[in-house]
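Asks: final.cif is reproduced in full below (mmCIF, C-alpha atoms (C1' of nucleotides)).
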data_run
loop_
_atom_site.label_atom_id
_atom_site.label_comp_id
_atom_site.auth_asym_id
_atom_site.auth_seq_id
_atom_site.Cartn_x
_atom_site.Cartn_y
_atom_site.Cartn_z
CA MET A 1 0.00 0.00 0.00
CA ALA A 2 3.04 2.20 0.31
CA ILE A 3 1.45 5.06 2.25
CA HIS A 4 -1.02 5.29 5.08
CA LYS A 5 -3.57 7.93 4.34
CA LYS A 6 -4.63 8.64 7.85
CA SER A 7 -3.27 12.16 7.67
CA ALA A 8 -5.71 12.93 4.86
CA PHE A 9 -8.53 13.09 7.40
CA THR A 10 -9.46 15.78 9.90
CA GLN A 11 -7.83 16.00 13.29
CA LYS A 12 -11.09 15.18 15.04
CA GLU A 13 -11.55 12.10 12.90
CA GLN A 14 -8.03 11.02 13.71
CA ASP A 15 -8.47 11.70 17.41
CA LEU A 16 -11.64 9.67 17.60
CA ALA A 17 -10.04 6.87 15.62
CA ASN A 18 -6.97 6.85 17.86
CA PHE A 19 -9.07 6.68 20.97
CA ALA A 20 -11.10 3.84 19.51
CA LYS A 21 -7.94 2.09 18.43
CA ALA A 22 -6.60 2.15 21.95
CA MET A 23 -9.73 0.30 23.03
CA SER A 24 -9.76 -2.07 20.09
CA HIS A 25 -8.27 -5.04 21.89
CA PRO A 26 -10.02 -7.08 24.60
CA ALA A 27 -6.86 -7.15 26.71
CA ARG A 28 -6.84 -3.37 26.82
CA ILE A 29 -10.54 -3.26 27.65
CA ALA A 30 -9.83 -5.69 30.48
CA ILE A 31 -6.95 -3.56 31.71
CA LEU A 32 -9.11 -0.44 31.69
CA LYS A 33 -11.77 -2.33 33.60
CA VAL A 34 -9.32 -3.30 36.32
CA LEU A 35 -8.01 0.24 36.58
CA ALA A 36 -11.54 1.62 36.72
CA GLN A 37 -12.70 -0.82 39.39
CA ARG A 38 -9.85 -0.25 41.76
CA ASN A 39 -9.50 3.36 42.53
CA GLU A 40 -5.98 2.74 43.63
CA CYS A 41 -3.23 2.56 41.13
CA ILE A 42 -2.41 -0.89 39.92
CA CYS A 43 0.76 -2.23 38.42
CA GLY A 44 1.76 -5.87 38.15
CA GLU A 45 -1.49 -7.10 39.59
CA ILE A 46 -2.81 -6.86 36.07
CA VAL A 47 -0.28 -9.46 35.02
CA ASP A 48 -1.79 -11.89 37.52
CA LEU A 49 -5.32 -11.15 36.35
CA LEU A 50 -4.86 -11.45 32.61
CA PRO A 51 -3.75 -14.48 30.61
CA LEU A 52 -0.84 -12.69 28.99
CA ALA A 53 2.89 -12.47 29.59
CA GLN A 54 4.33 -9.59 31.57
CA SER A 55 6.01 -8.06 28.55
CA THR A 56 2.77 -8.11 26.62
CA ILE A 57 0.83 -6.40 29.40
CA SER A 58 3.55 -3.79 29.64
CA GLN A 59 3.21 -3.14 25.94
CA HIS A 60 -0.57 -2.75 26.16
CA LEU A 61 -0.14 -0.37 29.09
CA LYS A 62 2.26 1.67 27.04
CA GLU A 63 -0.22 1.91 24.19
CA LEU A 64 -2.99 3.01 26.54
CA LYS A 65 -0.67 5.59 28.04
CA THR A 66 0.52 6.87 24.67
CA ALA A 67 -3.08 7.22 23.56
CA GLY A 68 -3.78 9.18 26.72
CA LEU A 69 -6.41 6.84 28.16
CA ILE A 70 -4.39 6.22 31.29
CA THR A 71 -1.72 8.00 33.28
CA GLY A 72 1.29 6.31 34.76
CA THR A 73 4.00 7.26 37.19
CA ILE A 74 7.08 5.28 38.03
CA ASP A 75 7.25 4.65 41.75
CA GLY A 76 10.50 2.99 42.63
CA PRO A 77 10.73 -0.45 41.11
CA ARG A 78 6.99 -0.53 40.53
CA SER A 79 4.69 1.52 38.32
CA CYS A 80 1.35 3.05 39.05
CA TYR A 81 -1.38 3.42 36.47
CA CYS A 82 -4.75 5.14 36.58
CA ILE A 83 -7.62 5.87 34.27
CA ASN A 84 -7.48 9.32 32.73
CA TRP A 85 -11.12 10.21 33.27
CA LYS A 86 -10.82 13.51 31.46
CA ALA A 87 -9.87 11.72 28.25
CA PHE A 88 -12.90 9.49 28.54
CA GLU A 89 -15.16 12.46 29.07
CA LYS A 90 -13.77 14.08 25.99
CA PHE A 91 -14.18 10.95 23.92
CA ASN A 92 -17.68 10.43 25.20
CA SER A 93 -18.79 13.93 24.33
CA GLU A 94 -17.16 13.86 20.91
CA PHE A 95 -18.66 10.50 20.23
CA SER A 96 -22.09 11.59 21.38
CA PHE A 97 -21.85 14.77 19.39
CA LEU A 98 -20.96 12.90 16.26
CA PHE A 99 -23.63 10.28 16.50
CA ASN A 100 -26.26 10.79 19.15
CA LYS A 101 -26.90 14.39 18.29
CA LEU A 102 -27.16 13.68 14.63
CA LYS A 103 -29.49 10.86 15.39
CA MET A 104 -32.04 13.27 16.82
CA SER A 105 -32.73 14.76 13.44
CA ASN A 106 -32.50 11.53 11.53
CA GLU A 107 -34.37 8.98 13.54
CA LYS A 108 -36.02 7.21 10.63
CA ALA A 109 -33.94 4.31 9.37
CA CYS A 110 -33.87 3.61 5.70
CA CYS A 111 -32.31 0.19 5.12
CA MET B 1 3.12 -14.91 18.35
CA ALA B 2 1.51 -17.98 16.93
CA ILE B 3 -1.88 -17.55 18.58
CA HIS B 4 -4.14 -14.61 19.16
CA LYS B 5 -5.45 -14.66 22.67
CA LYS B 6 -8.56 -12.63 22.10
CA SER B 7 -10.77 -15.59 22.89
CA ALA B 8 -9.31 -15.70 26.39
CA PHE B 9 -11.37 -12.64 27.31
CA THR B 10 -15.05 -12.28 28.08
CA GLN B 11 -17.64 -11.87 25.37
CA LYS B 12 -18.45 -8.34 26.54
CA GLU B 13 -14.82 -7.38 26.42
CA GLN B 14 -14.55 -8.78 22.92
CA ASP B 15 -17.74 -7.06 21.80
CA LEU B 16 -16.59 -3.69 23.07
CA ALA B 17 -13.19 -4.21 21.50
CA ASN B 18 -14.72 -5.19 18.17
CA PHE B 19 -16.94 -2.16 18.13
CA ALA B 20 -13.99 0.07 18.95
CA LYS B 21 -11.89 -1.63 16.31
CA ALA B 22 -14.48 -0.88 13.66
CA MET B 23 -14.11 2.80 14.53
CA SER B 24 -10.34 2.71 14.82
CA HIS B 25 -9.60 4.19 11.43
CA PRO B 26 -10.26 7.81 10.42
CA ALA B 27 -11.65 6.70 7.07
CA ARG B 28 -14.31 4.65 8.82
CA ILE B 29 -15.11 7.53 11.17
CA ALA B 30 -15.51 9.74 8.13
CA ILE B 31 -17.77 7.19 6.46
CA LEU B 32 -19.93 6.94 9.56
CA LYS B 33 -20.14 10.72 9.67
CA VAL B 34 -21.41 10.87 6.12
CA LEU B 35 -23.95 8.14 6.75
CA ALA B 36 -25.10 9.87 9.92
CA GLN B 37 -25.44 13.28 8.31
CA ARG B 38 -27.47 12.17 5.36
CA ASN B 39 -30.46 10.29 6.48
CA GLU B 40 -30.75 8.77 3.07
CA CYS B 41 -28.66 5.79 2.18
CA ILE B 42 -25.39 6.56 0.53
CA CYS B 43 -23.33 4.38 -1.73
CA GLY B 44 -20.62 5.52 -4.11
CA GLU B 45 -20.97 9.14 -3.05
CA ILE B 46 -18.59 8.26 -0.27
CA VAL B 47 -15.96 7.49 -2.86
CA ASP B 48 -16.22 11.05 -4.15
CA LEU B 49 -15.99 12.50 -0.66
CA LEU B 50 -13.02 10.56 0.66
CA PRO B 51 -9.46 10.51 -0.65
CA LEU B 52 -9.38 6.76 -1.13
CA ALA B 53 -9.85 4.36 -4.01
CA GLN B 54 -13.22 2.73 -4.62
CA SER B 55 -11.97 -0.69 -3.64
CA THR B 56 -10.62 0.64 -0.38
CA ILE B 57 -13.90 2.34 0.52
CA SER B 58 -15.75 -0.85 -0.31
CA GLN B 59 -13.45 -2.74 2.03
CA HIS B 60 -14.03 -0.26 4.86
CA LEU B 61 -17.78 -0.49 4.30
CA LYS B 62 -17.57 -4.24 4.52
CA GLU B 63 -15.75 -4.03 7.83
CA LEU B 64 -18.30 -1.63 9.25
CA LYS B 65 -21.08 -3.91 8.09
CA THR B 66 -19.44 -7.05 9.46
CA ALA B 67 -18.97 -5.32 12.79
CA GLY B 68 -22.65 -4.40 12.75
CA LEU B 69 -22.21 -0.62 12.82
CA ILE B 70 -24.01 -0.16 9.54
CA THR B 71 -26.60 -2.01 7.51
CA GLY B 72 -26.46 -2.44 3.79
CA THR B 73 -28.80 -3.61 1.11
CA ILE B 74 -28.00 -4.23 -2.50
CA ASP B 75 -30.30 -2.24 -4.76
CA GLY B 76 -29.69 -3.11 -8.34
CA PRO B 77 -26.23 -2.09 -9.45
CA ARG B 78 -25.89 0.20 -6.47
CA SER B 79 -25.75 -0.45 -2.75
CA CYS B 80 -27.38 1.37 0.09
CA TYR B 81 -25.79 1.79 3.51
CA CYS B 82 -27.16 3.21 6.74
CA ILE B 83 -26.04 3.67 10.31
CA ASN B 84 -27.26 0.93 12.61
CA TRP B 85 -28.37 3.19 15.44
CA LYS B 86 -29.28 0.29 17.68
CA ALA B 87 -25.68 -0.91 17.68
CA PHE B 88 -24.49 2.54 18.67
CA GLU B 89 -26.97 2.71 21.50
CA LYS B 90 -25.78 -0.63 22.76
CA PHE B 91 -22.15 0.40 22.54
CA ASN B 92 -22.85 3.68 24.23
CA SER B 93 -24.62 2.07 27.15
CA GLU B 94 -22.00 -0.65 27.57
CA PHE B 95 -19.28 1.92 27.37
CA SER B 96 -20.96 4.20 29.87
CA PHE B 97 -21.67 1.30 32.16
CA LEU B 98 -18.07 0.23 32.11
CA PHE B 99 -16.55 3.61 32.72
CA ASN B 100 -18.93 6.39 33.65
CA LYS B 101 -20.79 4.43 36.25
CA LEU B 102 -17.63 3.22 37.87
CA LYS B 103 -16.33 6.72 37.82
CA MET B 104 -19.12 7.86 40.16
CA SER B 105 -17.69 5.88 43.02
CA ASN B 106 -14.07 6.56 42.19
CA GLU B 107 -13.84 10.19 41.35
CA LYS B 108 -10.54 10.87 43.07
CA ALA B 109 -7.59 10.34 40.78
CA CYS B 110 -4.40 8.91 42.14
CA CYS B 111 -1.61 9.45 39.63
"C1'" DT C 1 -27.59 -8.54 -26.99
"C1'" DT C 2 -24.07 -5.35 -26.08
"C1'" DC C 3 -22.56 -1.23 -23.56
"C1'" DT C 4 -22.37 1.34 -19.37
"C1'" DT C 5 -22.40 2.07 -14.60
"C1'" DT C 6 -21.83 0.72 -9.83
"C1'" DA C 7 -19.95 -1.94 -6.44
"C1'" DA C 8 -17.71 -6.27 -4.68
"C1'" DT C 9 -13.85 -9.25 -4.73
"C1'" DC C 10 -9.12 -10.90 -5.86
"C1'" DG C 11 -4.27 -10.55 -5.70
"C1'" DT C 12 -0.50 -8.39 -3.89
"C1'" DA C 13 2.80 -5.19 -1.54
"C1'" DT C 14 3.71 -2.99 2.54
"C1'" DA C 15 2.76 -1.48 7.31
"C1'" DT C 16 1.25 -2.40 11.77
"C1'" DT C 17 -0.13 -5.24 15.64
"C1'" DT C 18 0.26 -8.97 18.74
"C1'" DG C 19 2.81 -11.90 21.59
"C1'" DC C 20 6.65 -13.91 23.90
"C1'" DG C 21 11.29 -14.82 25.69
"C1'" DA C 22 15.42 -12.64 26.85
"C1'" DT C 23 17.63 -8.83 28.49
"C1'" DA C 24 18.15 -4.38 30.72
"C1'" DT C 25 17.01 -1.11 34.38
"C1'" DA C 26 16.16 0.62 38.82
"C1'" DA C 27 15.24 0.64 43.56
"C1'" DG C 28 14.80 -1.73 47.94
"C1'" DA C 29 16.53 -5.58 50.83
"C1'" DT C 30 20.33 -8.31 52.67
"C1'" DA D 1 28.20 -4.61 47.03
"C1'" DT D 2 25.15 -8.26 45.78
"C1'" DC D 3 20.55 -10.19 45.48
"C1'" DT D 4 15.76 -9.71 44.63
"C1'" DT D 5 11.66 -7.85 42.71
"C1'" DA D 6 9.00 -5.23 39.43
"C1'" DT D 7 8.87 -3.17 34.88
"C1'" DA D 8 10.36 -1.67 30.60
"C1'" DT D 9 12.53 -2.52 26.32
"C1'" DC D 10 14.62 -5.29 22.51
"C1'" DG D 11 14.36 -8.58 18.93
"C1'" DC D 12 11.90 -11.57 16.48
"C1'" DA D 13 7.99 -14.44 14.33
"C1'" DA D 14 3.39 -14.63 12.96
"C1'" DA D 15 -1.05 -12.49 12.20
"C1'" DT D 16 -3.78 -8.48 10.55
"C1'" DA D 17 -4.75 -4.29 8.44
"C1'" DT D 18 -4.34 -0.92 4.77
"C1'" DA D 19 -4.34 0.36 0.11
"C1'" DC D 20 -4.65 -0.04 -4.73
"C1'" DG D 21 -5.19 -1.78 -9.47
"C1'" DA D 22 -7.39 -5.27 -12.04
"C1'" DT D 23 -11.11 -8.13 -12.54
"C1'" DT D 24 -15.75 -9.77 -11.84
"C1'" DA D 25 -20.73 -9.40 -11.24
"C1'" DA D 26 -25.17 -7.55 -11.89
"C1'" DA D 27 -28.63 -4.61 -13.51
"C1'" DG D 28 -30.34 -0.85 -16.45
"C1'" DA D 29 -29.84 1.56 -21.03
"C1'" DA D 30 -28.92 1.41 -25.87
#
Rewrite the coordinates I just gave you, this time as structure tokens.
Replies:
Amino acid sequence: MAIHKKSAFTQKEQDLANFAKAMSHPARIAILKVLAQRNECICGEIVDLLPLAQSTISQHLKELKTAGLITGTIDGPRSCYCINWKAFEKFNSEFSFLFNKLKMSNEKACC
Amino acid sequence: MAIHKKSAFTQKEQDLANFAKAMSHPARIAILKVLAQRNECICGEIVDLLPLAQSTISQHLKELKTAGLITGTIDGPRSCYCINWKAFEKFNSEFSFLFNKLKMSNEKACC
DNA sequence: TTCTTTAATCGTATATTTGCGATATAAGAT
DNA sequence: ATCTTATATCGCAAATATACGATTAAAGAA
């Protein structure tokens, strides 16, 4: 394919897509669930909860962090991760704006 | 990696992930936007609106349809696609349930 | 029937993701 | 200083996704 054309779309489209992409793997959904359930920051406990190797979990955490869905601070030999609620609010409102609001005026389905 | 471990997660986690995956590309976000804006079913008009080849658009449409985000009916030599609002409602409620509801009891951030 | 139009599918090249083991890093414990 | 524990990163193999041109299919128009 030579070139990815993602940059040919608007920033909002890319932002929404990136957020969705970060959630596009069940392991990452599961990680977010754990982080959301426990208010306290979690680190390697996730490794015990999920059926994946430590390095793989670490990689998923990195992706979530890069995408801005979670925050993470290094705390000695262990790391601490938390849900970035602000990012979810933003996604939720953008998402709703894009689809729910439009739905209001277009309720009738056609096919 | 040999094996994908997606099946090791719950059905809900997989469903959410699949929905998110369908939206994880700006082209598909853009397609959904077009379908949401025009109440009427769109087909090849999308090809004129997006900077991608016809075959690529068709592939994205297929993915959206397979994931259940849109419906499509063949209408002679042209096809008709529409947003599947029900699927979005379901996603929205699952998503909110997973994160917004939990947020209520865990407002304080930790890191 | 043959031509045209519209959209799906095939084949293929390249990019990205997923996953793991091995290794590196960094701080506390001994 | 050495050992231990917890994470991150590297390197690699396999799976998927992205994109396009070429081809196919299917229905209306000529």
Asks: Taking all atoms listed in the file into account and nothing else, which residues of chain D lie no more than 9 Å away from chain A? Please answer as a compact mmCIF listing (two decimals) with C-alpha atoms (C1' of nucleotides), in the coordinates of the input.
Replies:
# COMPACT_ATOMS: atom_id res chain seq x y z
C1' DT D 5 11.66 -7.85 42.71
C1' DA D 6 9.00 -5.23 39.43
C1' DT D 7 8.87 -3.17 34.88
C1' DA D 8 10.36 -1.67 30.60
C1' DT D 9 12.53 -2.52 26.32
C1' DT D 18 -4.34 -0.92 4.77
C1' DA D 19 -4.34 0.36 0.11
C1' DC D 20 -4.65 -0.04 -4.73
Asks: How many Å lie between atom C1' of DT25 of chain C and atom CA of Val47 of chain A, rounded to one decimal?
Replies: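 Spanning atom C1' of DT25 of chain C to atom CA of Val47 of chain A is a straight-line distance of 19.2 Å.
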Asks: Can you move chain B onto chain A by a least-squares fit over all C-alpha atoms paired in order, then give me the moved copy as a PDB file with C-alpha atoms, keeping the file's coordinate frame?
Replies:
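File produced: result.pdb:
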ATOM      1  CA  MET B   1       0.046   0.127   0.049  1.00  0.00           C
ATOM      2  CA  ALA B   2       3.127   2.223   0.427  1.00  0.00           C
ATOM      3  CA  ILE B   3       1.525   5.093   2.324  1.00  0.00           C
ATOM      4  CA  HIS B   4      -0.972   5.294   5.120  1.00  0.00           C
ATOM      5  CA  LYS B   5      -3.544   7.913   4.368  1.00  0.00           C
ATOM      6  CA  LYS B   6      -4.605   8.636   7.900  1.00  0.00           C
ATOM      7  CA  SER B   7      -3.233  12.151   7.709  1.00  0.00           C
ATOM      8  CA  ALA B   8      -5.674  12.912   4.905  1.00  0.00           C
ATOM      9  CA  PHE B   9      -8.494  13.076   7.449  1.00  0.00           C
ATOM     10  CA  THR B  10      -9.415  15.755   9.947  1.00  0.00           C
ATOM     11  CA  GLN B  11      -7.791  15.980  13.343  1.00  0.00           C
ATOM     12  CA  LYS B  12     -11.076  15.156  15.079  1.00  0.00           C
ATOM     13  CA  GLU B  13     -11.532  12.100  12.943  1.00  0.00           C
ATOM     14  CA  GLN B  14      -8.011  10.992  13.750  1.00  0.00           C
ATOM     15  CA  ASP B  15      -8.461  11.674  17.454  1.00  0.00           C
ATOM     16  CA  LEU B  16     -11.651   9.653  17.630  1.00  0.00           C
ATOM     17  CA  ALA B  17     -10.045   6.865  15.644  1.00  0.00           C
ATOM     18  CA  ASN B  18      -6.988   6.833  17.890  1.00  0.00           C
ATOM     19  CA  PHE B  19      -9.091   6.658  20.998  1.00  0.00           C
ATOM     20  CA  ALA B  20     -11.120   3.821  19.521  1.00  0.00           C
ATOM     21  CA  LYS B  21      -7.968   2.049  18.431  1.00  0.00           C
ATOM     22  CA  ALA B  22      -6.619   2.116  21.962  1.00  0.00           C
ATOM     23  CA  MET B  23      -9.752   0.261  23.051  1.00  0.00           C
ATOM     24  CA  SER B  24      -9.788  -2.115  20.108  1.00  0.00           C
ATOM     25  CA  HIS B  25      -8.295  -5.073  21.909  1.00  0.00           C
ATOM     26  CA  PRO B  26     -10.043  -7.104  24.626  1.00  0.00           C
ATOM     27  CA  ALA B  27      -6.879  -7.170  26.717  1.00  0.00           C
ATOM     28  CA  ARG B  28      -6.843  -3.385  26.834  1.00  0.00           C
ATOM     29  CA  ILE B  29     -10.548  -3.287  27.681  1.00  0.00           C
ATOM     30  CA  ALA B  30      -9.843  -5.702  30.502  1.00  0.00           C
ATOM     31  CA  ILE B  31      -6.953  -3.570  31.727  1.00  0.00           C
ATOM     32  CA  LEU B  32      -9.115  -0.462  31.699  1.00  0.00           C
ATOM     33  CA  LYS B  33     -11.778  -2.345  33.625  1.00  0.00           C
ATOM     34  CA  VAL B  34      -9.323  -3.282  36.333  1.00  0.00           C
ATOM     35  CA  LEU B  35      -8.000   0.253  36.571  1.00  0.00           C
ATOM     36  CA  ALA B  36     -11.532   1.619  36.726  1.00  0.00           C
ATOM     37  CA  GLN B  37     -12.689  -0.805  39.395  1.00  0.00           C
ATOM     38  CA  ARG B  38      -9.837  -0.241  41.762  1.00  0.00           C
ATOM     39  CA  ASN B  39      -9.466   3.370  42.505  1.00  0.00           C
ATOM     40  CA  GLU B  40      -5.945   2.752  43.622  1.00  0.00           C
ATOM     41  CA  CYS B  41      -3.201   2.538  41.080  1.00  0.00           C
ATOM     42  CA  ILE B  42      -2.419  -0.909  39.851  1.00  0.00           C
ATOM     43  CA  CYS B  43       0.782  -2.206  38.375  1.00  0.00           C
ATOM     44  CA  GLY B  44       1.828  -5.830  38.085  1.00  0.00           C
ATOM     45  CA  GLU B  45      -1.424  -7.069  39.580  1.00  0.00           C
ATOM     46  CA  ILE B  46      -2.785  -6.859  36.077  1.00  0.00           C
ATOM     47  CA  VAL B  47      -0.286  -9.479  35.024  1.00  0.00           C
ATOM     48  CA  ASP B  48      -1.777 -11.885  37.553  1.00  0.00           C
ATOM     49  CA  LEU B  49      -5.310 -11.149  36.409  1.00  0.00           C
ATOM     50  CA  LEU B  50      -4.863 -11.464  32.663  1.00  0.00           C
ATOM     51  CA  PRO B  51      -3.763 -14.493  30.662  1.00  0.00           C
ATOM     52  CA  LEU B  52      -0.854 -12.718  29.023  1.00  0.00           C
ATOM     53  CA  ALA B  53       2.873 -12.472  29.592  1.00  0.00           C
ATOM     54  CA  GLN B  54       4.327  -9.578  31.565  1.00  0.00           C
ATOM     55  CA  SER B  55       5.979  -8.073  28.528  1.00  0.00           C
ATOM     56  CA  THR B  56       2.730  -8.145  26.615  1.00  0.00           C
ATOM     57  CA  ILE B  57       0.813  -6.412  29.405  1.00  0.00           C
ATOM     58  CA  SER B  58       3.538  -3.800  29.618  1.00  0.00           C
ATOM     59  CA  GLN B  59       3.184  -3.193  25.897  1.00  0.00           C
ATOM     60  CA  HIS B  60      -0.593  -2.792  26.160  1.00  0.00           C
ATOM     61  CA  LEU B  61      -0.141  -0.385  29.063  1.00  0.00           C
ATOM     62  CA  LYS B  62       2.260   1.641  26.993  1.00  0.00           C
ATOM     63  CA  GLU B  63      -0.248   1.890  24.172  1.00  0.00           C
ATOM     64  CA  LEU B  64      -3.000   2.993  26.516  1.00  0.00           C
ATOM     65  CA  LYS B  65      -0.682   5.577  28.007  1.00  0.00           C
ATOM     66  CA  THR B  66       0.505   6.851  24.632  1.00  0.00           C
ATOM     67  CA  ALA B  67      -3.095   7.192  23.524  1.00  0.00           C
ATOM     68  CA  GLY B  68      -3.804   9.171  26.681  1.00  0.00           C
ATOM     69  CA  LEU B  69      -6.418   6.826  28.151  1.00  0.00           C
ATOM     70  CA  ILE B  70      -4.387   6.210  31.267  1.00  0.00           C
ATOM     71  CA  THR B  71      -1.721   8.007  33.245  1.00  0.00           C
ATOM     72  CA  GLY B  72       1.297   6.347  34.722  1.00  0.00           C
ATOM     73  CA  THR B  73       3.983   7.286  37.157  1.00  0.00           C
ATOM     74  CA  ILE B  74       7.069   5.335  38.007  1.00  0.00           C
ATOM     75  CA  ASP B  75       7.296   4.711  41.737  1.00  0.00           C
ATOM     76  CA  GLY B  76      10.526   3.041  42.590  1.00  0.00           C
ATOM     77  CA  PRO B  77      10.748  -0.412  41.083  1.00  0.00           C
ATOM     78  CA  ARG B  78       7.018  -0.460  40.508  1.00  0.00           C
ATOM     79  CA  SER B  79       4.745   1.603  38.305  1.00  0.00           C
ATOM     80  CA  CYS B  80       1.379   3.086  39.013  1.00  0.00           C
ATOM     81  CA  TYR B  81      -1.360   3.429  36.408  1.00  0.00           C
ATOM     82  CA  CYS B  82      -4.732   5.144  36.545  1.00  0.00           C
ATOM     83  CA  ILE B  83      -7.622   5.858  34.232  1.00  0.00           C
ATOM     84  CA  ASN B  84      -7.474   9.308  32.698  1.00  0.00           C
ATOM     85  CA  TRP B  85     -11.117  10.191  33.242  1.00  0.00           C
ATOM     86  CA  LYS B  86     -10.807  13.490  31.432  1.00  0.00           C
ATOM     87  CA  ALA B  87      -9.880  11.700  28.217  1.00  0.00           C
ATOM     88  CA  PHE B  88     -12.918   9.472  28.536  1.00  0.00           C
ATOM     89  CA  GLU B  89     -15.179  12.436  29.074  1.00  0.00           C
ATOM     90  CA  LYS B  90     -13.789  14.073  25.985  1.00  0.00           C
ATOM     91  CA  PHE B  91     -14.219  10.930  23.930  1.00  0.00           C
ATOM     92  CA  ASN B  92     -17.711  10.421  25.215  1.00  0.00           C
ATOM     93  CA  SER B  93     -18.803  13.924  24.330  1.00  0.00           C
ATOM     94  CA  GLU B  94     -17.178  13.841  20.897  1.00  0.00           C
ATOM     95  CA  PHE B  95     -18.700  10.480  20.242  1.00  0.00           C
ATOM     96  CA  SER B  96     -22.133  11.579  21.372  1.00  0.00           C
ATOM     97  CA  PHE B  97     -21.853  14.766  19.392  1.00  0.00           C
ATOM     98  CA  LEU B  98     -20.978  12.881  16.263  1.00  0.00           C
ATOM     99  CA  PHE B  99     -23.681  10.283  16.490  1.00  0.00           C
ATOM    100  CA  ASN B 100     -26.327  10.823  19.128  1.00  0.00           C
ATOM    101  CA  LYS B 101     -26.950  14.426  18.294  1.00  0.00           C
ATOM    102  CA  LEU B 102     -27.214  13.725  14.618  1.00  0.00           C
ATOM    103  CA  LYS B 103     -29.523  10.892  15.380  1.00  0.00           C
ATOM    104  CA  MET B 104     -32.095  13.296  16.849  1.00  0.00           C
ATOM    105  CA  SER B 105     -32.794  14.797  13.472  1.00  0.00           C
ATOM    106  CA  ASN B 106     -32.541  11.557  11.549  1.00  0.00           C
ATOM    107  CA  GLU B 107     -34.393   8.998  13.537  1.00  0.00           C
ATOM    108  CA  LYS B 108     -36.013   7.211  10.623  1.00  0.00           C
ATOM    109  CA  ALA B 109     -33.888   4.386   9.308  1.00  0.00           C
ATOM    110  CA  CYS B 110     -33.811   3.660   5.628  1.00  0.00           C
ATOM    111  CA  CYS B 111     -32.258   0.249   5.052  1.00  0.00           C
TER     112      CYS B 111
END
Asks: When you look at Ala17 of chain B with a cut-off of 7 Å (counting only C-alpha atoms (C1' of nucleotides)), what residues show up, excluding the ones that are within fewer than 6 positions of it in the same chain? I need them as a ChimeraX atom specification.
Replies: /A:23-26,29
Asks: Tell me as a PyMOL selection string which residues belonging to chain C come within 9 Å of chain B, counting only C-alpha atoms (C1' of nucleotides).
Replies: chain C and resi 5-9+18-20
Asks: Using all atoms listed in the file, which residues sit within 9 Å of DT17 of chain C once same-chain residues fewer than 4 positions away are excluded, as a list in words?
Replies: DA15, DT16 and DA17 of chain D
Asks: Separation of atom CA of Leu32 of chain B and atom CA of Glu63 of chain B, in Å?
Replies: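 Taking atom CA of Leu32 of chain B and atom CA of Glu63 of chain B, their separation equals 11.9 Å.
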Asks: So how far away is atom CA of Arg28 of chain B from atom CA of Ala8 of chain A, in Å?
Replies: 12.6 Å
Asks: Could you model N, CA and C atoms for segment 53-64 of chain B and present them as a compact mmCIF listing (two decimals), in the frame of the given file?
Replies:
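Saved as result.txt:
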# COMPACT_ATOMS: atom_id res chain seq x y z
N ALA B 53 -9.37 5.05 -2.82
CA ALA B 53 -9.85 4.36 -4.01
C ALA B 53 -11.16 3.65 -3.71
N GLN B 54 -11.91 3.37 -4.77
CA GLN B 54 -13.22 2.73 -4.62
C GLN B 54 -13.10 1.40 -3.91
N SER B 55 -12.10 0.63 -4.25
CA SER B 55 -11.97 -0.69 -3.64
C SER B 55 -11.67 -0.59 -2.15
N THR B 56 -10.96 0.45 -1.79
CA THR B 56 -10.62 0.64 -0.38
C THR B 56 -11.86 1.04 0.42
N ILE B 57 -12.65 1.94 -0.14
CA ILE B 57 -13.90 2.34 0.52
C ILE B 57 -14.79 1.13 0.69
N SER B 58 -14.90 0.34 -0.35
CA SER B 58 -15.75 -0.85 -0.31
C SER B 58 -15.31 -1.78 0.82
N GLN B 59 -13.98 -1.89 0.98
CA GLN B 59 -13.45 -2.74 2.03
C GLN B 59 -13.80 -2.19 3.42
N HIS B 60 -13.68 -0.89 3.58
CA HIS B 60 -14.03 -0.26 4.86
C HIS B 60 -15.51 -0.45 5.16
N LEU B 61 -16.34 -0.30 4.12
CA LEU B 61 -17.78 -0.49 4.30
C LEU B 61 -18.08 -1.91 4.75
N LYS B 62 -17.37 -2.84 4.16
CA LYS B 62 -17.57 -4.24 4.52
C LYS B 62 -17.23 -4.48 5.99
N GLU B 63 -16.15 -3.86 6.43
CA GLU B 63 -15.75 -4.03 7.83
C GLU B 63 -16.78 -3.44 8.77
N LEU B 64 -17.28 -2.26 8.41
CA LEU B 64 -18.30 -1.63 9.25
C LEU B 64 -19.56 -2.48 9.29
